[in-house]
$ cat work17.pdb   # PDB, C-alpha atoms
ATOM      1  CA  MET A   1      -4.590 -69.372  18.922
ATOM      2  CA  SER A   2      -1.991 -66.970  17.483
ATOM      3  CA  ASP A   3      -0.155 -64.320  19.447
ATOM      4  CA  LEU A   4      -2.273 -61.563  17.859
ATOM      5  CA  GLU A   5      -5.473 -63.277  18.843
ATOM      6  CA  LYS A   6      -4.193 -63.578  22.400
ATOM      7  CA  LYS A   7      -2.934 -60.027  22.512
ATOM      8  CA  TYR A   8      -6.157 -58.393  21.294
ATOM      9  CA  ASN A   9      -8.556 -61.097  22.435
ATOM     10  CA  LEU A  10     -10.078 -61.235  18.969
ATOM     11  CA  SER A  11     -10.616 -64.089  16.535
ATOM     12  CA  GLU A  12      -8.683 -64.402  13.308
ATOM     13  CA  LYS A  13     -11.798 -63.485  11.332
ATOM     14  CA  GLU A  14     -12.191 -60.296  13.353
ATOM     15  CA  LEU A  15      -8.540 -59.397  12.980
ATOM     16  CA  PHE A  16      -8.308 -59.978   9.242
ATOM     17  CA  SER A  17     -11.019 -59.201   6.720
ATOM     18  CA  ARG A  18     -10.988 -58.958   2.948
ATOM     19  CA  ILE A  19     -11.308 -55.466   1.429
ATOM     20  CA  ASP A  20     -12.738 -55.097  -2.048
ATOM     21  CA  HIS A  21     -10.615 -53.182  -4.564
ATOM     22  CA  ASP A  22     -12.290 -50.094  -6.023
ATOM     23  CA  SER A  23     -10.328 -48.568  -8.908
ATOM     24  CA  LEU A  24     -12.150 -45.218  -8.616
ATOM     25  CA  GLU A  25     -11.367 -44.802  -4.929
ATOM     26  CA  THR A  26      -7.691 -45.496  -5.508
ATOM     27  CA  GLU A  27      -7.513 -42.465  -7.812
ATOM     28  CA  VAL A  28      -8.951 -40.070  -5.247
ATOM     29  CA  ILE A  29      -6.315 -37.806  -3.713
ATOM     30  CA  THR A  30      -7.185 -36.347  -0.346
ATOM     31  CA  ALA A  31      -5.538 -33.170   0.888
ATOM     32  CA  PRO A  32      -6.444 -30.378   3.269
ATOM     33  CA  ARG A  33      -8.496 -27.639   1.638
ATOM     34  CA  TYR A  34      -6.277 -24.653   0.834
ATOM     35  CA  SER A  35      -7.429 -21.079   0.400
ATOM     36  CA  TYR A  36      -4.713 -18.629  -0.608
ATOM     37  CA  TRP A  37      -6.154 -15.441   0.905
ATOM     38  CA  GLN A  38      -7.372 -17.274   3.990
ATOM     39  CA  SER A  39      -3.812 -18.465   4.524
ATOM     40  CA  VAL A  40      -2.483 -14.942   3.892
ATOM     41  CA  PHE A  41      -4.626 -13.419   6.628
ATOM     42  CA  LYS A  42      -3.954 -16.345   8.944
ATOM     43  CA  VAL A  43      -0.201 -15.747   8.680
ATOM     44  CA  PHE A  44      -0.651 -11.969   8.921
ATOM     45  CA  PHE A  45      -2.755 -12.063  12.087
ATOM     46  CA  ARG A  46      -0.517 -14.684  13.678
ATOM     47  CA  LYS A  47       1.754 -11.854  14.840
ATOM     48  CA  LYS A  48       0.176  -9.695  17.547
ATOM     49  CA  ILE A  49       2.158  -6.645  16.416
ATOM     50  CA  ASN A  50       0.369  -6.783  13.049
ATOM     51  CA  ILE A  51      -2.991  -6.546  14.812
ATOM     52  CA  VAL A  52      -1.836  -3.446  16.696
ATOM     53  CA  ILE A  53      -0.399  -1.793  13.576
ATOM     54  CA  LEU A  54      -3.470  -2.658  11.478
ATOM     55  CA  SER A  55      -5.754  -1.220  14.178
ATOM     56  CA  LEU A  56      -3.721   1.991  14.144
ATOM     57  CA  PHE A  57      -3.880   2.019  10.344
ATOM     58  CA  VAL A  58      -7.683   1.622  10.308
ATOM     59  CA  PHE A  59      -8.058   4.320  12.975
ATOM     60  CA  ILE A  60      -5.911   6.851  11.093
ATOM     61  CA  ILE A  61      -7.564   6.215   7.722
ATOM     62  CA  GLY A  62     -11.056   6.172   9.233
ATOM     63  CA  PHE A  63     -10.496   9.297  11.315
ATOM     64  CA  ALA A  64      -8.956  11.170   8.386
ATOM     65  CA  TYR A  65     -12.094  10.626   6.305
ATOM     66  CA  ILE A  66     -14.877  10.518   8.886
ATOM     67  CA  TYR A  67     -13.873  13.389  11.175
ATOM     68  CA  PRO A  68     -13.648  16.127   8.474
ATOM     69  CA  SER A  69     -16.949  14.881   7.021
ATOM     70  CA  ILE A  70     -18.945  15.318  10.226
ATOM     71  CA  VAL A  71     -17.133  18.316  11.742
ATOM     72  CA  PRO A  72     -17.470  21.605   9.831
ATOM     73  CA  TYR A  73     -14.164  23.395   9.330
ATOM     74  CA  ASN A  74     -13.626  27.015   8.335
ATOM     75  CA  SER A  75      -9.996  28.099   8.291
ATOM     76  CA  ASP A  76     -10.953  31.811   8.228
ATOM     77  CA  ALA A  77     -13.540  31.769  11.009
ATOM     78  CA  ASN A  78     -11.260  33.645  13.467
ATOM     79  CA  LEU A  79      -9.198  35.516  10.893
ATOM     80  CA  LEU A  80     -10.192  38.993  12.160
ATOM     81  CA  ASN A  81      -9.585  38.228  15.817
ATOM     82  CA  GLY A  82      -5.880  38.648  16.485
ATOM     83  CA  ALA A  83      -6.215  37.446  20.079
ATOM     84  CA  LEU A  84      -7.044  33.910  18.852
ATOM     85  CA  LYS A  85      -4.024  33.482  16.561
ATOM     86  CA  HIS A  86      -0.964  31.361  17.336
ATOM     87  CA  LEU A  87      -2.319  30.046  20.634
ATOM     88  CA  SER A  88      -0.645  27.161  22.438
ATOM     89  CA  PRO A  89      -2.884  24.223  23.428
ATOM     90  CA  SER A  90      -3.364  25.549  26.980
ATOM     91  CA  GLN A  91      -4.101  29.076  25.761
ATOM     92  CA  ALA A  92      -6.564  27.833  23.131
ATOM     93  CA  ILE A  93      -8.438  25.722  25.683
ATOM     94  CA  ALA A  94      -8.560  28.688  28.063
ATOM     95  CA  ALA A  95      -9.950  30.919  25.307
ATOM     96  CA  HIS A  96     -12.453  28.504  23.760
ATOM     97  CA  GLY A  97     -13.121  26.018  26.548
ATOM     98  CA  PHE A  98     -12.036  22.389  26.537
ATOM     99  CA  SER A  99     -12.748  20.807  23.155
ATOM    100  CA  ILE A 100     -11.036  18.323  20.891
ATOM    101  CA  HIS A 101     -10.741  21.123  18.328
ATOM    102  CA  TRP A 102      -8.266  23.079  20.447
ATOM    103  CA  ILE A 103      -6.092  20.380  22.005
ATOM    104  CA  LEU A 104      -3.297  21.341  19.586
ATOM    105  CA  GLY A 105      -3.819  25.087  19.748
ATOM    106  CA  SER A 106      -4.542  27.472  16.871
ATOM    107  CA  GLY A 107      -2.657  28.612  13.790
ATOM    108  CA  ALA A 108      -1.789  31.832  11.999
ATOM    109  CA  ALA A 109      -5.427  32.518  11.025
ATOM    110  CA  GLY A 110      -6.830  31.476  14.392
ATOM    111  CA  GLN A 111      -7.889  28.149  12.916
ATOM    112  CA  SER A 112      -7.898  24.881  14.847
ATOM    113  CA  THR A 113      -4.580  23.097  14.270
ATOM    114  CA  PHE A 114      -6.230  19.749  15.038
ATOM    115  CA  ASP A 115      -9.035  20.205  12.494
ATOM    116  CA  GLN A 116      -6.702  21.610   9.844
ATOM    117  CA  MET A 117      -4.292  18.708  10.317
ATOM    118  CA  TRP A 118      -6.933  16.024   9.713
ATOM    119  CA  ASN A 119      -8.401  17.844   6.721
ATOM    120  CA  GLY A 120      -4.894  17.920   5.274
ATOM    121  CA  ALA A 121      -4.395  14.235   6.080
ATOM    122  CA  ARG A 122      -7.484  13.334   4.049
ATOM    123  CA  ILE A 123      -6.114  15.154   1.011
ATOM    124  CA  SER A 124      -2.616  13.628   1.317
ATOM    125  CA  ILE A 125      -3.896  10.086   1.884
ATOM    126  CA  SER A 126      -6.336  10.374  -1.034
ATOM    127  CA  LEU A 127      -3.510  11.569  -3.269
ATOM    128  CA  ALA A 128      -1.294   8.660  -2.222
ATOM    129  CA  PHE A 129      -3.944   5.985  -2.768
ATOM    130  CA  ILE A 130      -5.084   7.330  -6.147
ATOM    131  CA  CYS A 131      -1.516   7.630  -7.458
ATOM    132  CA  ALA A 132      -0.589   4.184  -6.131
ATOM    133  CA  LEU A 133      -3.673   2.606  -7.712
ATOM    134  CA  ILE A 134      -2.997   4.137 -11.133
ATOM    135  CA  ASN A 135       0.741   3.450 -11.154
ATOM    136  CA  MET A 136       0.457  -0.083  -9.780
ATOM    137  CA  VAL A 137      -2.263  -1.170 -12.226
ATOM    138  CA  VAL A 138      -0.623   0.381 -15.295
ATOM    139  CA  GLY A 139       2.907  -0.571 -14.256
ATOM    140  CA  THR A 140       2.027  -4.163 -13.388
ATOM    141  CA  ILE A 141       0.139  -4.875 -16.618
ATOM    142  CA  ILE A 142       2.692  -3.197 -18.895
ATOM    143  CA  GLY A 143       5.573  -4.753 -16.949
ATOM    144  CA  ALA A 144       4.120  -8.247 -17.342
ATOM    145  CA  VAL A 145       3.740  -7.840 -21.116
ATOM    146  CA  TRP A 146       7.115  -6.076 -21.319
ATOM    147  CA  GLY A 147       8.937  -8.961 -19.670
ATOM    148  CA  PHE A 148       7.223 -11.643 -21.730
ATOM    149  CA  SER A 149       7.323 -10.120 -25.200
ATOM    150  CA  LYS A 150      10.757  -9.557 -26.731
ATOM    151  CA  ARG A 151       9.355  -7.080 -29.271
ATOM    152  CA  VAL A 152       7.808  -4.961 -26.539
ATOM    153  CA  ASP A 153      11.026  -5.318 -24.556
ATOM    154  CA  MET A 154      13.064  -3.688 -27.327
ATOM    155  CA  VAL A 155      10.788  -0.636 -27.471
ATOM    156  CA  MET A 156      10.116  -0.224 -23.740
ATOM    157  CA  THR A 157      13.779  -0.603 -22.800
ATOM    158  CA  GLU A 158      14.651   2.404 -24.967
ATOM    159  CA  VAL A 159      11.748   4.372 -23.487
ATOM    160  CA  TYR A 160      12.949   3.508 -19.992
ATOM    161  CA  ASN A 161      16.554   4.457 -20.783
ATOM    162  CA  ILE A 162      15.420   7.900 -21.942
ATOM    163  CA  ILE A 163      12.708   8.788 -19.422
ATOM    164  CA  GLY A 164      14.135   6.827 -16.509
ATOM    165  CA  ASN A 165      17.258   8.978 -16.448
ATOM    166  CA  ILE A 166      15.281  12.198 -15.918
ATOM    167  CA  PRO A 167      15.171  12.998 -12.166
ATOM    168  CA  TYR A 168      11.652  12.156 -10.991
ATOM    169  CA  VAL A 169      11.351  15.132  -8.614
ATOM    170  CA  LEU A 170      12.523  17.502 -11.349
ATOM    171  CA  LEU A 171       9.930  16.142 -13.778
ATOM    172  CA  ILE A 172       7.141  16.481 -11.203
ATOM    173  CA  SER A 173       8.240  20.023 -10.374
ATOM    174  CA  VAL A 174       8.181  21.089 -14.038
ATOM    175  CA  LEU A 175       4.724  19.608 -14.605
ATOM    176  CA  VAL A 176       3.326  21.290 -11.487
ATOM    177  CA  MET A 177       4.777  24.648 -12.644
ATOM    178  CA  LEU A 178       3.346  24.274 -16.166
ATOM    179  CA  PHE A 179      -0.186  23.595 -14.976
ATOM    180  CA  THR A 180      -2.364  24.897 -12.150
ATOM    181  CA  ALA A 181      -1.084  23.489  -8.868
ATOM    182  CA  SER A 182      -4.258  21.552  -8.048
ATOM    183  CA  PHE A 183      -4.958  18.098  -6.644
ATOM    184  CA  TRP A 184      -5.435  16.477 -10.050
ATOM    185  CA  THR A 185      -2.382  18.228 -11.461
ATOM    186  CA  MET A 186      -0.350  16.591  -8.723
ATOM    187  CA  VAL A 187      -1.970  13.223  -9.526
ATOM    188  CA  PHE A 188      -1.053  13.675 -13.189
ATOM    189  CA  ALA A 189       2.517  14.679 -12.351
ATOM    190  CA  LEU A 190       3.025  11.675 -10.085
ATOM    191  CA  THR A 191       1.517   9.151 -12.509
ATOM    192  CA  VAL A 192       2.531  10.320 -15.985
ATOM    193  CA  THR A 193       5.845   8.471 -15.665
ATOM    194  CA  GLY A 194       5.540   7.006 -12.152
ATOM    195  CA  TRP A 195       4.377   3.665 -13.544
ATOM    196  CA  LEU A 196       7.565   3.220 -15.604
ATOM    197  CA  SER A 197       9.868   2.200 -12.740
ATOM    198  CA  ILE A 198       7.199  -0.200 -11.457
ATOM    199  CA  ALA A 199       6.848  -1.717 -14.938
ATOM    200  CA  TYR A 200      10.610  -2.178 -15.184
ATOM    201  CA  PHE A 201      10.723  -3.931 -11.822
ATOM    202  CA  ILE A 202       7.838  -6.234 -12.790
ATOM    203  CA  ARG A 203       9.522  -6.885 -16.145
ATOM    204  CA  THR A 204      12.661  -8.085 -14.347
ATOM    205  CA  GLN A 205      10.622 -10.455 -12.175
ATOM    206  CA  VAL A 206       8.689 -11.778 -15.172
ATOM    207  CA  ILE A 207      11.876 -12.573 -17.106
ATOM    208  CA  ILE A 208      12.906 -14.883 -14.261
ATOM    209  CA  ILE A 209       9.793 -17.074 -14.604
ATOM    210  CA  ARG A 210       8.641 -16.586 -18.210
ATOM    211  CA  ASP A 211      10.516 -19.615 -19.633
ATOM    212  CA  ARG A 212       9.218 -22.159 -17.156
ATOM    213  CA  GLU A 213       7.647 -25.318 -18.570
ATOM    214  CA  TYR A 214       3.994 -24.376 -18.092
ATOM    215  CA  ASN A 215       4.499 -21.052 -19.892
ATOM    216  CA  LEU A 216       6.268 -22.755 -22.799
ATOM    217  CA  ALA A 217       3.411 -25.266 -22.989
ATOM    218  CA  SER A 218       0.859 -22.440 -23.063
ATOM    219  CA  ARG A 219       2.697 -20.759 -25.925
ATOM    220  CA  CYS A 220       2.799 -24.016 -27.887
ATOM    221  CA  LEU A 221      -0.972 -24.323 -27.431
ATOM    222  CA  GLY A 222      -1.449 -20.874 -28.948
ATOM    223  CA  THR A 223      -2.263 -18.890 -25.795
ATOM    224  CA  SER A 224      -1.774 -15.154 -26.288
ATOM    225  CA  ILE A 225       1.050 -13.321 -24.537
ATOM    226  CA  ILE A 226      -1.363 -11.083 -22.614
ATOM    227  CA  THR A 227      -3.321 -14.087 -21.324
ATOM    228  CA  ILE A 228      -0.147 -15.865 -20.221
ATOM    229  CA  ALA A 229       1.127 -12.698 -18.532
ATOM    230  CA  LEU A 230      -2.121 -12.044 -16.670
ATOM    231  CA  LYS A 231      -3.046 -15.628 -15.736
ATOM    232  CA  ASN A 232       0.205 -17.612 -15.617
ATOM    233  CA  ILE A 233       2.684 -15.060 -14.311
ATOM    234  CA  LEU A 234       1.057 -12.306 -12.275
ATOM    235  CA  PRO A 235      -0.719 -14.659  -9.800
ATOM    236  CA  PHE A 236       2.706 -15.985  -8.783
ATOM    237  CA  MET A 237       3.921 -12.461  -8.078
ATOM    238  CA  THR A 238       1.243 -11.394  -5.586
ATOM    239  CA  SER A 239       3.671 -11.038  -2.695
ATOM    240  CA  VAL A 240       6.090  -9.036  -4.858
ATOM    241  CA  ILE A 241       3.321  -6.681  -6.007
ATOM    242  CA  VAL A 242       1.985  -6.160  -2.470
ATOM    243  CA  THR A 243       5.481  -5.449  -1.165
ATOM    244  CA  LEU A 244       6.085  -2.990  -4.000
ATOM    245  CA  ALA A 245       2.800  -1.213  -3.246
ATOM    246  CA  ALA A 246       3.882  -0.942   0.397
ATOM    247  CA  THR A 247       6.818   1.230  -0.657
ATOM    248  CA  GLU A 248       4.944   3.195  -3.312
ATOM    249  CA  ILE A 249       2.015   4.498  -1.215
ATOM    250  CA  PRO A 250       4.117   6.238   1.474
ATOM    251  CA  SER A 251       6.484   7.603  -1.187
ATOM    252  CA  TYR A 252       3.715   9.697  -2.780
ATOM    253  CA  ILE A 253       2.966  11.325   0.566
ATOM    254  CA  SER A 254       6.688  12.049   0.901
ATOM    255  CA  TYR A 255       6.843  13.595  -2.590
ATOM    256  CA  GLU A 256       3.808  15.766  -1.882
ATOM    257  CA  VAL A 257       5.178  16.949   1.456
ATOM    258  CA  PHE A 258       8.613  17.666  -0.020
ATOM    259  CA  LEU A 259       7.284  19.651  -2.986
ATOM    260  CA  ALA A 260       4.915  21.615  -0.761
ATOM    261  CA  TYR A 261       7.720  22.296   1.709
ATOM    262  CA  ILE A 262       9.865  23.893  -1.014
ATOM    263  CA  GLY A 263       6.871  25.909  -2.228
ATOM    264  CA  MET A 264       6.009  23.858  -5.343
ATOM    265  CA  GLY A 265       3.133  21.770  -4.044
ATOM    266  CA  MET A 266      -0.582  21.995  -4.763
ATOM    267  CA  LYS A 267      -2.715  24.841  -3.445
ATOM    268  CA  ASP A 268      -4.970  22.542  -1.403
ATOM    269  CA  MET A 269      -4.128  22.538   2.311
ATOM    270  CA  SER A 270      -2.582  19.077   2.369
ATOM    271  CA  LEU A 271      -0.186  17.986   5.090
ATOM    272  CA  GLY A 272       2.734  19.245   3.038
ATOM    273  CA  ARG A 273       1.100  22.623   2.508
ATOM    274  CA  ILE A 274       0.288  22.897   6.224
ATOM    275  CA  ILE A 275       3.901  22.148   7.153
ATOM    276  CA  TYR A 276       5.120  24.697   4.617
ATOM    277  CA  ALA A 277       2.754  27.367   5.965
ATOM    278  CA  ALA A 278       3.824  26.673   9.551
ATOM    279  CA  GLU A 279       7.551  26.652   8.825
ATOM    280  CA  ALA A 280       8.058  29.999  10.599
ATOM    281  CA  SER A 281       6.467  28.539  13.742
ATOM    282  CA  MET A 282       9.102  25.845  14.117
ATOM    283  CA  LEU A 283      11.483  27.952  16.202
ATOM    284  CA  THR A 284       9.043  30.513  17.645
ATOM    285  CA  PRO A 285       8.399  29.901  21.364
ATOM    286  CA  GLY A 286       4.800  28.819  21.967
ATOM    287  CA  TRP A 287       4.066  28.237  18.266
ATOM    288  CA  GLN A 288       5.944  24.971  17.718
ATOM    289  CA  THR A 289       2.816  22.790  17.892
ATOM    290  CA  GLU A 290       1.582  24.302  14.627
ATOM    291  CA  PHE A 291       4.619  22.849  12.853
ATOM    292  CA  TRP A 292       5.382  19.655  14.726
ATOM    293  CA  ALA A 293       1.806  18.292  14.932
ATOM    294  CA  PRO A 294       1.412  17.803  11.127
ATOM    295  CA  VAL A 295       5.036  16.622  10.884
ATOM    296  CA  ILE A 296       4.446  13.908  13.486
ATOM    297  CA  LEU A 297       1.118  12.880  11.905
ATOM    298  CA  THR A 298       2.762  12.648   8.468
ATOM    299  CA  SER A 299       5.548  10.476   9.908
ATOM    300  CA  ILE A 300       3.066   8.171  11.656
ATOM    301  CA  ILE A 301       0.944   7.763   8.507
ATOM    302  CA  THR A 302       4.003   7.014   6.363
ATOM    303  CA  VAL A 303       5.476   4.468   8.788
ATOM    304  CA  VAL A 304       2.144   2.711   9.407
ATOM    305  CA  LEU A 305       1.384   2.427   5.680
ATOM    306  CA  TYR A 306       4.853   1.025   5.024
ATOM    307  CA  VAL A 307       4.834  -1.498   7.877
ATOM    308  CA  VAL A 308       1.315  -2.771   7.109
ATOM    309  CA  GLY A 309       2.214  -3.213   3.449
ATOM    310  CA  GLN A 310       5.521  -4.927   4.167
ATOM    311  CA  ASN A 311       4.006  -7.389   6.644
ATOM    312  CA  LEU A 312       1.099  -8.091   4.296
ATOM    313  CA  GLY A 313       3.596  -8.670   1.495
ATOM    314  CA  ASP A 314       5.480 -11.177   3.650
ATOM    315  CA  ALA A 315       2.219 -12.953   4.472
ATOM    316  CA  SER A 316       1.353 -13.051   0.739
ATOM    317  CA  ASP A 317       4.384 -15.265   0.061
ATOM    318  CA  PRO A 318       3.056 -18.851  -0.218
ATOM    319  CA  ARG A 319       6.300 -20.129   1.326
ATOM    320  CA  THR A 320       5.164 -18.652   4.660
ATOM    321  CA  HIS A 321       1.927 -20.666   4.595
ATOM    322  CA  MET A 322       3.546 -23.944   5.558
TER     323      MET A 322
END
$ encode --input "work17.pdb" --output "structure tokens"
Amino acid sequence: MSDLEKKYNLSEKELFSRIDHDSLETEVITAPRYSYWQSVFKVFFRKKINIVILSLFVFIIGFAYIYPSIVPYNSDANLLNGALKHLSPSQAIAAHGFSIHWILGSGAAGQSTFDQMWNGARISISLAFICALINMVVGTIIGAVWGFSKRVDMVMTEVYNIIGNIPYVLLISVLVMLFTASFWTMVFALTVTGWLSIAYFIRTQVIIIRDREYNLASRCLGTSIITIALKNILPFMTSVIVTLAATEIPSYISYEVFLAYIGMGMKDMSLGRIIYAAEASMLTPGWQTEFWAPVILTSIITVVLYVVGQNLGDASDPRTHM
């Protein structure tokens, strides 16, 4: 009896058995099932701080759209009653009774600062998301083709050198002054050339990976440039695109607030317009809430949008899925 038979108390026949060779089974490669987006969210939710920030993000976005939809708001309801204008939170609650509408006091027309602030937030957030969607889609597609096609590169580089040197804020200001200062005018002003810088950034990223072997093979097989750009290149740039969107969305809110603050924004009572209208209340004793409440809300929205986008962009990087 061999040592193995003694050690395991098994016979030689039990220890050693012949295994048939199957050529098909030898070709099978086993690996854990991988889902890109499942891995993205797994990495994202691994950090507890992301859960907190995302919850705050969902609350702000949801409240900004749901609350104004179910609560009627009339900014001129108390316009003729001077005793209800410019009330501090405590004075407004004493005059109207305790209600969520008056926890931030009233404004210059006797309107609820709380209700006005969330109506303005809905307008500003809608503007940011619409502009980001248009600029990101147009900029990403044109940037991918721009970076892959040398003919397009020659034309678009000259276009970028001319338009890209015009100050963006100046261009927006001129367009807003030429047309009626409405919501869609602001969207047009922010998107007419806003996609160009995004396209240039995407173009730079595409140039880095356009000459890799699989792209050269696709070109040799006759695949069109647009197909290669959309299917071979852009999927590898998901994390870059998400990170770029994270900086673009808050920037449109900042542009809108800045233009409204200098008196060149749209006529709709967005957050920027509210801040501009309440500018005189900033240093007036008892009126400061009218100014600082929308300022703080704007800051929170901007920071939350940026942080959520940045962390989602980091989680979109396949290198973090190990």
$ axis_aligned_box --input "work17.pdb" --around "region 155-159 of chain A" --padding-each-side "5 Å" --output "JSON"
{"center_x": 12.4, "center_y": 1.9, "center_z": -25.1, "size_x": 14.5, "size_y": 15.0, "size_z": 14.7}
$ atom_distance --input "work17.pdb" --atom1 "CA of Asn119 (chain A)" --atom2 "CA of Pro68 (chain A)"
5.8 Å
$ resolve_selection --input "work17.pdb" --expression "the PyMOL selection byres ((chain A and resi 236) around 12)" --output "short mmCIF file (atom, residue, chain, number, x, y, z; two decimals) with C-alpha atoms, in the frame of the given file"
data_model
loop_
_atom_site.label_atom_id
_atom_site.label_comp_id
_atom_site.auth_asym_id
_atom_site.auth_seq_id
_atom_site.Cartn_x
_atom_site.Cartn_y
_atom_site.Cartn_z
CA TYR A 36 -4.71 -18.63 -0.61
CA ALA A 144 4.12 -8.25 -17.34
CA ILE A 202 7.84 -6.23 -12.79
CA GLN A 205 10.62 -10.46 -12.18
CA VAL A 206 8.69 -11.78 -15.17
CA ILE A 208 12.91 -14.88 -14.26
CA ILE A 209 9.79 -17.07 -14.60
CA ARG A 210 8.64 -16.59 -18.21
CA ILE A 228 -0.15 -15.86 -20.22
CA ALA A 229 1.13 -12.70 -18.53
CA LEU A 230 -2.12 -12.04 -16.67
CA LYS A 231 -3.05 -15.63 -15.74
CA ASN A 232 0.20 -17.61 -15.62
CA ILE A 233 2.68 -15.06 -14.31
CA LEU A 234 1.06 -12.31 -12.28
CA PRO A 235 -0.72 -14.66 -9.80
CA MET A 237 3.92 -12.46 -8.08
CA THR A 238 1.24 -11.39 -5.59
CA SER A 239 3.67 -11.04 -2.70
CA VAL A 240 6.09 -9.04 -4.86
CA ILE A 241 3.32 -6.68 -6.01
CA VAL A 242 1.98 -6.16 -2.47
CA SER A 316 1.35 -13.05 0.74
CA ASP A 317 4.38 -15.26 0.06
CA PRO A 318 3.06 -18.85 -0.22
CA ARG A 319 6.30 -20.13 1.33
#
$ atom_distance --input "work17.pdb" --atom1 "CA of Thr227 (chain A)" --atom2 "CA of Ser35 (chain A)"
23.2 Å
$ atom_distance --input "work17.pdb" --atom1 "CA of Ser149 (chain A)" --atom2 "CA of Ile226 (chain A)"
9.1 Å
$ residues_around --input "work17.pdb" --residues "region 261-263 of chain A" --least-positions-apart "2" --cutoff "9 Å" --atoms "all atoms listed in the file" --output "JSON list (two decimals) with C-alpha atoms, in the coordinates of the input"
[["chain", "number", "residue", "atom", "x", "y", "z"],
["A", 256, "GLU", "CA", 3.81, 15.77, -1.88],
["A", 257, "VAL", "CA", 5.18, 16.95, 1.46],
["A", 258, "PHE", "CA", 8.61, 17.67, -0.02],
["A", 259, "LEU", "CA", 7.28, 19.65, -2.99],
["A", 265, "GLY", "CA", 3.13, 21.77, -4.04],
["A", 266, "MET", "CA", -0.58, 22.00, -4.76],
["A", 272, "GLY", "CA", 2.73, 19.24, 3.04],
["A", 273, "ARG", "CA", 1.10, 22.62, 2.51],
["A", 274, "ILE", "CA", 0.29, 22.90, 6.22],
["A", 275, "ILE", "CA", 3.90, 22.15, 7.15],
["A", 276, "TYR", "CA", 5.12, 24.70, 4.62],
["A", 277, "ALA", "CA", 2.75, 27.37, 5.96],
["A", 279, "GLU", "CA", 7.55, 26.65, 8.82]]
$ residues_near_point --input "work17.pdb" --point "(-1.3, 16.1, -6.4)" --cutoff "12 Å" --atoms "only C-alpha atoms" --output "JSON, numbers by chain"
{"A": [123, 124, 125, 126, 127, 128, 129, 130, 131, 132, 172, 173, 175, 176, 179, 180, 181, 182, 183, 184, 185, 186, 187, 188, 189, 190, 191, 192, 252, 253, 254, 255, 256, 257, 258, 259, 260, 264, 265, 266, 267, 268, 269, 270, 271, 272, 273]}
$ closest_residue --input "work17.pdb" --among "A:Thr243, A:Val159, A:Pro250, A:Trp118" --to "Pro72 (chain A)" --atoms "only C-alpha atoms"
A:Trp118
$ resolve_selection --input "work17.pdb" --expression "the PyMOL selection byres ((chain A and resi 163-167) around 12)" --output "list in words"
Met156, Thr157, Glu158, Val159, Tyr160, Asn161, Ile162, Tyr168, Val169, Leu170, Leu171, Ile172, Ser173, Val174, Val192, Thr193, Gly194, Trp195, Leu196, Ser197, Ile198, Ala199 and Tyr200 of chain A
$ closest_residue --input "work17.pdb" --among "A:Phe44, A:Ala77, A:Val145, A:Trp102" --to "Ser224 (chain A)" --atoms "only C-alpha atoms"
A:Val145
$ resolve_selection --input "work17.pdb" --expression "the PyMOL selection byres ((chain A and resi 109) around 12)" --output "number ranges by chain"
A: 74-87, 105-108, 110-113, 116, 277-278, 290
